[in-house]
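Visitor: Below: one structure in structure tokens.
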Amino acid sequence: MAATQEEILKGLADIVNEIAGIPVEDVKLDKSFTDDLDVDSLSMVEVVVAAEERFDVKIPDEDVKNLKTVGDAAAYILKHQD
Amino acid sequence: MSSTNRTVVVTGIGATTPLGGDSATTWEALLAGRSGVGPLEGERYAGLSVRIAAAAAVDPEDVLPRPLARKLDRSAQFALIAAREAWADAGYTAKAGEDSSIAPERLGTVIASGIGGVTTLLDQYDVLKEKGVRRVSPHTVPMLMPNSPSANVGLEVNAQAGVHTPVSACASGAEAIGYAVEMIRTGRADVVVAGGTEAAIHPLPITAFANMMAMSKNNEEPEKASRPYDKARDGFVLGEGAGVVILESAEHAARRGARVYCEVLGQGLSADSHHIAQPEPTGRGIAAALQSLLDNTDLKPSEVVHLNAHATSTPQGDAAEIKALRKVLGDDLDHVAVSATKSMTGHLLGGAGGIETVMTVLALHTRTAPPTINVDDLDEDIDADIVRDVPRALPAEGTIAAINNSFGFGGHNVVLALRSV
């Protein structure tokens, strides 16, 4: 069953917490992965792979550069999940 | 004084070793004659011919925050922990620039490893085979590259004068310290964070070394396996960890009122050009390195009272080293208290020169030579005064000097000299 935006945000918060050590409550839709959450381009690849597994979605490399904020990622997953 | 004559001193030390998570704990265990060697438990080691090693006393993942630790190979984790201790021990309170007593462009790092991120490489290959292409970590390359420990320590302290990584197998850590001394001597830097690190406890490196007939197979009595100079020695025991020192020009150290442990006089270097992995049996290359040290520094053989030997516990290597020392020092070897600390720490490969420099600094500073354990039956070929079982006091008065030897597969010989201030 497809995840809701709220579930996706919670999932992304867990992933960012695991990878970058940012407290889950600080991971919000308007936050930038690079500027606010200490996720550099290498760690972003990890975030994407973890999100793909968790939400059963494919995020091709060429789309990753458009995912600037947590909100961008949540919207992408919401739209593309099976 | 020309820049090539600048005096180099040690102002900070740090270590994480099979004997302790910092330099003080390591030193205490060393003086107590404790072995850091133990059995390798678990299925992955069960079928191996060698099932012992000297694992780090404190797991680096219990020290570093997880988001940082997961982006660092274990060798870089050790280096970072040792470097942080050394940096604070030298009296620096923040990274260069933020601490105004050191400018980033006058600070360098030279931290070496013999093998680099070998466990990262092997583990990620397992990930590729078992979990597929997507799961291979994007951090793999920056983790496994041998310059990663030096680069990560450089990022930590904001070193901009240069970040280097000499690689010469088991001489790497000592070569790093020698390179750092030259950086300061030649005026490239005022302060250098220098040392060695290694983390290669994994079934493949262990088996590869074992198949070279280089390792002790005394799986029954791990704490007895590393026994330099003993007649029954049958190879080295692999250890892991890091040792780092803060080297500084004497002027820079004086300007900021830093505590000075000792002086580093310099290094002697040579190459055997004999065999890719076997020691040259007469010790010709080692003698040449020591002679070069005496020719190029003002070290006097009469002031040398302590040697931290390379002595890995191999039949050939231990004897060749002592032979070379006797050849160059002659009767002056008689007043040298020889310690083979690998009897307790195992052999940290590229980390050895790092931790053994820390130990040599402490030996001069506290005027105490650490013991060599497991010399139950001294080999008659060993014509030197080995400090056995208990520490020995070094002369309480006057200037004293020590030599720290490191040699590596490939025929690399590095001899460092340190002197009290």
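By order in the structure tokens, chains are A, B, ...; within a chain, residues start at 1; ligands start at 1, following the order shown.
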Counting only C-alpha atoms, what is within 7 Å of segment 69-78 of chain A, bar same-chain residues fewer than 6 positions away, as a ChimeraX atom specification?
Guide: /A:5,8-9,28-33,57
Visitor: May I have a table of the residues of chain B lying at most 8 Å from chain A, giving each one's closest pair of atoms and their distance in Å to one decimal, counting only C-alpha atoms, ordered by chain and ascending residue number, as a Markdown table?
Guide:
| residue | atom | partner | partner_atom | distance |
| --- | --- | --- | --- | --- |
| B:Arg66 | CA | A:Gly21 | CA | 7.3 |
| B:Pro67 | CA | A:Ala20 | CA | 5.1 |
| B:Leu68 | CA | A:Ala20 | CA | 7.9 |
| B:Arg134 | CA | A:Val49 | CA | 6.8 |
| B:Arg135 | CA | A:Val49 | CA | 7.1 |
| B:Ser137 | CA | A:Glu46 | CA | 7.1 |
| B:Pro138 | CA | A:Leu42 | CA | 5.6 |
| B:His139 | CA | A:Leu42 | CA | 6.5 |
Visitor: Work out how far atom CA of Pro222 of chain B is from atom CA of Pro203 of chain B, in Å to one decimal.
Guide: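 Those two atoms sit 16.8 Å apart.
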Visitor: Have a look at B:Gly241, B:Pro371, B:Gly178, B:Pro104 and name the one nearest to Thr16 of chain B; count only C-alpha atoms.
Guide: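 Among the listed residues, the smallest separation from Thr16 of chain B belongs to B:Gly241.
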Visitor: Could you give me, as a PyMOL selection string, each residue of segment 67-284 of chain B that DSSP assigns to strand (DSSP E) when run on this structure's backbone?
Guide: chain B and resi 107-113+162-164+191-198+241-249+262-271
Visitor: Write the residues of the selection above to a file with N, CA and C atoms, as an mmCIF file, in the first residue's frame.
Guide:
data_model
loop_
_atom_site.group_PDB
_atom_site.id
_atom_site.type_symbol
_atom_site.label_atom_id
_atom_site.label_comp_id
_atom_site.auth_asym_id
_atom_site.auth_seq_id
_atom_site.Cartn_x
_atom_site.Cartn_y
_atom_site.Cartn_z
ATOM 1 N N LEU B 107 50.303 24.579 8.720
ATOM 2 C CA LEU B 107 50.019 23.287 9.356
ATOM 3 C C LEU B 107 49.884 22.190 8.297
ATOM 4 N N GLY B 108 50.536 21.052 8.535
ATOM 5 C CA GLY B 108 50.425 19.911 7.626
ATOM 6 C C GLY B 108 50.042 18.643 8.361
ATOM 7 N N THR B 109 49.690 17.609 7.594
ATOM 8 C CA THR B 109 49.531 16.282 8.181
ATOM 9 C C THR B 109 50.293 15.287 7.319
ATOM 10 N N VAL B 110 50.932 14.327 7.971
ATOM 11 C CA VAL B 110 51.558 13.202 7.271
ATOM 12 C C VAL B 110 51.207 11.953 8.070
ATOM 13 N N ILE B 111 50.175 11.272 7.640
ATOM 14 C CA ILE B 111 49.749 10.065 8.343
ATOM 15 C C ILE B 111 49.699 8.922 7.342
ATOM 16 N N ALA B 112 50.380 7.854 7.687
ATOM 17 C CA ALA B 112 50.561 6.764 6.742
ATOM 18 C C ALA B 112 49.836 5.506 7.185
ATOM 19 N N SER B 113 49.604 4.664 6.212
ATOM 20 C CA SER B 113 49.084 3.334 6.464
ATOM 21 C C SER B 113 49.792 2.388 5.505
ATOM 22 N N GLY B 162 49.966 21.107 3.514
ATOM 23 C CA GLY B 162 50.184 19.870 2.767
ATOM 24 C C GLY B 162 49.666 18.693 3.564
ATOM 25 N N VAL B 163 49.086 17.724 2.853
ATOM 26 C CA VAL B 163 48.556 16.516 3.481
ATOM 27 C C VAL B 163 49.151 15.345 2.708
ATOM 28 N N HIS B 164 49.962 14.524 3.385
ATOM 29 C CA HIS B 164 50.757 13.522 2.672
ATOM 30 C C HIS B 164 50.621 12.131 3.284
ATOM 31 N N VAL B 191 54.030 23.338 12.009
ATOM 32 C CA VAL B 191 53.461 22.250 12.814
ATOM 33 C C VAL B 191 52.967 21.166 11.863
ATOM 34 N N VAL B 192 53.253 19.896 12.207
ATOM 35 C CA VAL B 192 52.746 18.783 11.394
ATOM 36 C C VAL B 192 52.193 17.694 12.324
ATOM 37 N N VAL B 193 51.010 17.226 11.987
ATOM 38 C CA VAL B 193 50.397 16.095 12.681
ATOM 39 C C VAL B 193 50.868 14.842 11.943
ATOM 40 N N ALA B 194 51.632 13.989 12.627
ATOM 41 C CA ALA B 194 52.304 12.895 11.908
ATOM 42 C C ALA B 194 52.165 11.569 12.635
ATOM 43 N N GLY B 195 52.077 10.500 11.857
ATOM 44 C CA GLY B 195 52.012 9.182 12.483
ATOM 45 C C GLY B 195 51.598 8.102 11.519
ATOM 46 N N GLY B 196 51.137 6.998 12.094
ATOM 47 C CA GLY B 196 50.744 5.861 11.277
ATOM 48 C C GLY B 196 49.524 5.175 11.850
ATOM 49 N N THR B 197 48.813 4.481 10.973
ATOM 50 C CA THR B 197 47.601 3.786 11.382
ATOM 51 C C THR B 197 47.446 2.508 10.583
ATOM 52 N N GLU B 198 46.750 1.539 11.133
ATOM 53 C CA GLU B 198 46.459 0.315 10.373
ATOM 54 C C GLU B 198 45.239 -0.385 10.951
ATOM 55 N N GLY B 241 45.540 -0.257 15.111
ATOM 56 C CA GLY B 241 45.488 0.960 15.910
ATOM 57 C C GLY B 241 46.271 2.067 15.226
ATOM 58 N N ALA B 242 46.529 3.134 15.977
ATOM 59 C CA ALA B 242 47.245 4.281 15.409
ATOM 60 C C ALA B 242 48.035 5.001 16.485
ATOM 61 N N GLY B 243 49.117 5.629 16.045
ATOM 62 C CA GLY B 243 49.903 6.490 16.924
ATOM 63 C C GLY B 243 50.242 7.766 16.183
ATOM 64 N N VAL B 244 50.049 8.896 16.844
ATOM 65 C CA VAL B 244 50.222 10.198 16.186
ATOM 66 C C VAL B 244 50.990 11.131 17.123
ATOM 67 N N VAL B 245 51.891 11.911 16.555
ATOM 68 C CA VAL B 245 52.588 12.936 17.334
ATOM 69 C C VAL B 245 52.367 14.302 16.684
ATOM 70 N N ILE B 246 52.453 15.344 17.487
ATOM 71 C CA ILE B 246 52.462 16.703 16.965
ATOM 72 C C ILE B 246 53.918 17.152 16.925
ATOM 73 N N LEU B 247 54.424 17.391 15.713
ATOM 74 C CA LEU B 247 55.785 17.879 15.539
ATOM 75 C C LEU B 247 55.711 19.373 15.265
ATOM 76 N N GLU B 248 56.682 20.081 15.780
ATOM 77 C CA GLU B 248 56.595 21.530 15.744
ATOM 78 C C GLU B 248 58.008 22.105 15.696
ATOM 79 N N SER B 249 58.183 23.206 15.004
ATOM 80 C CA SER B 249 59.494 23.849 15.061
ATOM 81 C C SER B 249 59.683 24.358 16.494
ATOM 82 N N CYS B 262 60.332 16.178 23.698
ATOM 83 C CA CYS B 262 61.695 15.856 23.281
ATOM 84 C C CYS B 262 61.926 16.425 21.889
ATOM 85 N N GLU B 263 63.141 16.258 21.416
ATOM 86 C CA GLU B 263 63.495 16.716 20.081
ATOM 87 C C GLU B 263 63.502 15.507 19.127
ATOM 88 N N VAL B 264 63.143 15.731 17.881
ATOM 89 C CA VAL B 264 63.334 14.686 16.861
ATOM 90 C C VAL B 264 64.505 15.127 16.004
ATOM 91 N N LEU B 265 65.599 14.368 16.066
ATOM 92 C CA LEU B 265 66.824 14.792 15.382
ATOM 93 C C LEU B 265 66.747 14.574 13.886
ATOM 94 N N GLY B 266 65.999 13.560 13.487
ATOM 95 C CA GLY B 266 65.894 13.299 12.058
ATOM 96 C C GLY B 266 65.823 11.820 11.769
ATOM 97 N N GLN B 267 66.036 11.481 10.509
ATOM 98 C CA GLN B 267 65.869 10.108 10.070
ATOM 99 C C GLN B 267 67.056 9.653 9.233
ATOM 100 N N GLY B 268 67.247 8.351 9.221
ATOM 101 C CA GLY B 268 68.167 7.733 8.275
ATOM 102 C C GLY B 268 67.379 6.765 7.420
ATOM 103 N N LEU B 269 67.607 6.819 6.112
ATOM 104 C CA LEU B 269 66.815 6.003 5.190
ATOM 105 C C LEU B 269 67.737 5.174 4.303
ATOM 106 N N SER B 270 67.260 3.992 3.932
ATOM 107 C CA SER B 270 67.954 3.211 2.903
ATOM 108 C C SER B 270 66.983 2.185 2.344
ATOM 109 N N ALA B 271 67.424 1.494 1.308
ATOM 110 C CA ALA B 271 66.647 0.393 0.741
ATOM 111 C C ALA B 271 67.556 -0.808 0.558
#
Visitor: Work out how far atom CA of Arg54 of chain A is from atom CA of Asp36 of chain A, in Å to one decimal.
Guide: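 Spanning atom CA of Asp36 of chain A to atom CA of Arg54 of chain A is a straight-line distance of 22.7 Å.
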Visitor: When DSSP is applied to the backbone of this structure, which of chain A are assigned helix (DSSP H, G or I)? Write them out as a VMD selection string.
Guide: chain A and resid 5 to 20 24 to 26 33 to 36 41 to 55 61 to 64 70 to 80
Visitor: Do a neighbour search on Val375 of chain B at 12 Å with only C-alpha atoms, toss out local chain neighbours closer than 5 positions, and write the hits as a compact mmCIF listing (two decimals) with N, CA, C and O atoms, in the first residue's frame.
Guide:
# COMPACT_ATOMS: atom_id res chain seq x y z
N GLY B 33 53.79 -4.94 31.21
CA GLY B 33 54.13 -6.14 30.45
C GLY B 33 52.92 -6.94 30.01
O GLY B 33 52.97 -8.18 29.93
N LYS B 224 51.37 -15.53 24.12
CA LYS B 224 52.78 -15.95 24.03
C LYS B 224 53.30 -15.91 22.59
O LYS B 224 54.48 -16.20 22.34
N ALA B 225 52.41 -15.61 21.64
CA ALA B 225 52.75 -15.80 20.22
C ALA B 225 53.79 -14.79 19.73
O ALA B 225 54.67 -15.13 18.94
N SER B 226 53.69 -13.54 20.18
CA SER B 226 54.66 -12.53 19.74
C SER B 226 55.82 -12.55 20.72
O SER B 226 55.68 -12.13 21.87
N ARG B 227 56.97 -13.08 20.27
CA ARG B 227 58.10 -13.30 21.18
C ARG B 227 59.42 -12.95 20.52
O ARG B 227 60.28 -13.82 20.30
N PRO B 228 59.61 -11.65 20.22
CA PRO B 228 60.87 -11.21 19.62
C PRO B 228 62.07 -11.69 20.45
O PRO B 228 62.00 -11.69 21.68
N TYR B 229 63.12 -12.09 19.77
CA TYR B 229 64.41 -12.49 20.34
C TYR B 229 64.39 -13.84 21.04
O TYR B 229 65.43 -14.36 21.44
N ASP B 230 63.21 -14.42 21.22
CA ASP B 230 63.16 -15.75 21.82
C ASP B 230 63.50 -16.80 20.76
O ASP B 230 63.15 -16.64 19.60
N LYS B 231 64.15 -17.85 21.18
CA LYS B 231 64.55 -18.91 20.25
C LYS B 231 63.35 -19.51 19.50
O LYS B 231 63.48 -19.93 18.35
N ALA B 232 62.21 -19.55 20.17
CA ALA B 232 61.04 -20.21 19.58
C ALA B 232 60.16 -19.25 18.77
O ALA B 232 59.05 -19.60 18.39
N ARG B 233 60.66 -18.06 18.48
CA ARG B 233 59.83 -17.11 17.72
C ARG B 233 59.51 -17.67 16.34
O ARG B 233 60.37 -18.26 15.70
N SER B 313 59.38 -10.38 15.66
CA SER B 313 59.29 -11.76 16.12
C SER B 313 59.45 -12.77 14.98
O SER B 313 59.01 -13.91 15.09
N SER B 339 64.14 -2.45 23.58
CA SER B 339 62.77 -2.88 23.86
C SER B 339 62.09 -3.28 22.56
O SER B 339 62.15 -2.57 21.57
N ALA B 340 61.44 -4.44 22.59
CA ALA B 340 60.64 -4.89 21.44
C ALA B 340 59.18 -4.86 21.89
O ALA B 340 58.64 -5.85 22.40
N THR B 341 58.55 -3.70 21.70
CA THR B 341 57.19 -3.53 22.22
C THR B 341 56.15 -4.31 21.42
O THR B 341 55.03 -4.51 21.89
N SER B 343 56.15 -7.29 21.19
CA SER B 343 55.84 -8.46 22.00
C SER B 343 54.50 -8.29 22.71
O SER B 343 53.85 -9.27 23.07
N MET B 344 54.07 -7.04 22.90
CA MET B 344 52.79 -6.77 23.58
C MET B 344 51.71 -6.25 22.64
O MET B 344 50.54 -6.58 22.77
N GLU B 380 70.84 -16.91 21.19
CA GLU B 380 72.25 -16.49 21.39
C GLU B 380 72.76 -15.58 20.26
O GLU B 380 73.78 -14.92 20.41
N ILE B 382 71.34 -12.95 19.47
CA ILE B 382 70.93 -11.59 19.83
C ILE B 382 71.95 -11.00 20.80
O ILE B 382 71.85 -11.15 22.02
N ILE B 386 68.71 -6.71 26.01
CA ILE B 386 67.25 -6.67 25.87
C ILE B 386 66.62 -6.40 27.24
O ILE B 386 66.96 -7.07 28.22
N VAL B 387 65.71 -5.44 27.27
CA VAL B 387 64.95 -5.16 28.51
C VAL B 387 63.87 -6.22 28.61
O VAL B 387 62.95 -6.25 27.81
N ARG B 388 64.00 -7.12 29.58
CA ARG B 388 63.08 -8.26 29.65
C ARG B 388 62.12 -8.15 30.83
O ARG B 388 62.53 -7.86 31.94
N ASP B 389 60.86 -8.38 30.54
CA ASP B 389 59.79 -8.58 31.53
C ASP B 389 59.39 -7.36 32.37
O ASP B 389 58.21 -7.15 32.62
N VAL B 390 60.36 -6.60 32.83
CA VAL B 390 60.02 -5.42 33.64
C VAL B 390 60.70 -4.18 33.05
O VAL B 390 61.76 -4.30 32.43
Visitor: Using only C-alpha atoms, which residues sit within 8 Å of segment 58-65 of chain A once same-chain residues fewer than 2 positions away are excluded, as JSON, numbers by chain?
Guide: {"A": [48, 52, 56, 67, 68, 80, 81]}
Visitor: Interatomic distance between atom CA of Pro370 of chain B and atom CA of Ala174 of chain B?
Guide: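 Atom-to-atom, atom CA of Pro370 of chain B and atom CA of Ala174 of chain B are spaced 19.0 Å apart.
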Visitor: Using only C-alpha atoms for the distances, tell me which of B:Leu80, B:Phe409, B:Lys131, B:Gly97 is nearest to Glu53 of chain A.
Guide: B:Lys131
Visitor: Env of Arg44 of chain B: 12 Å cut, atoms = only C-alpha atoms, seq-sep filter 4 positions within chain, self excluded. Answer as a ChimeraX atom specification.
Guide: /B:40,48,50-51,201-204,206-207
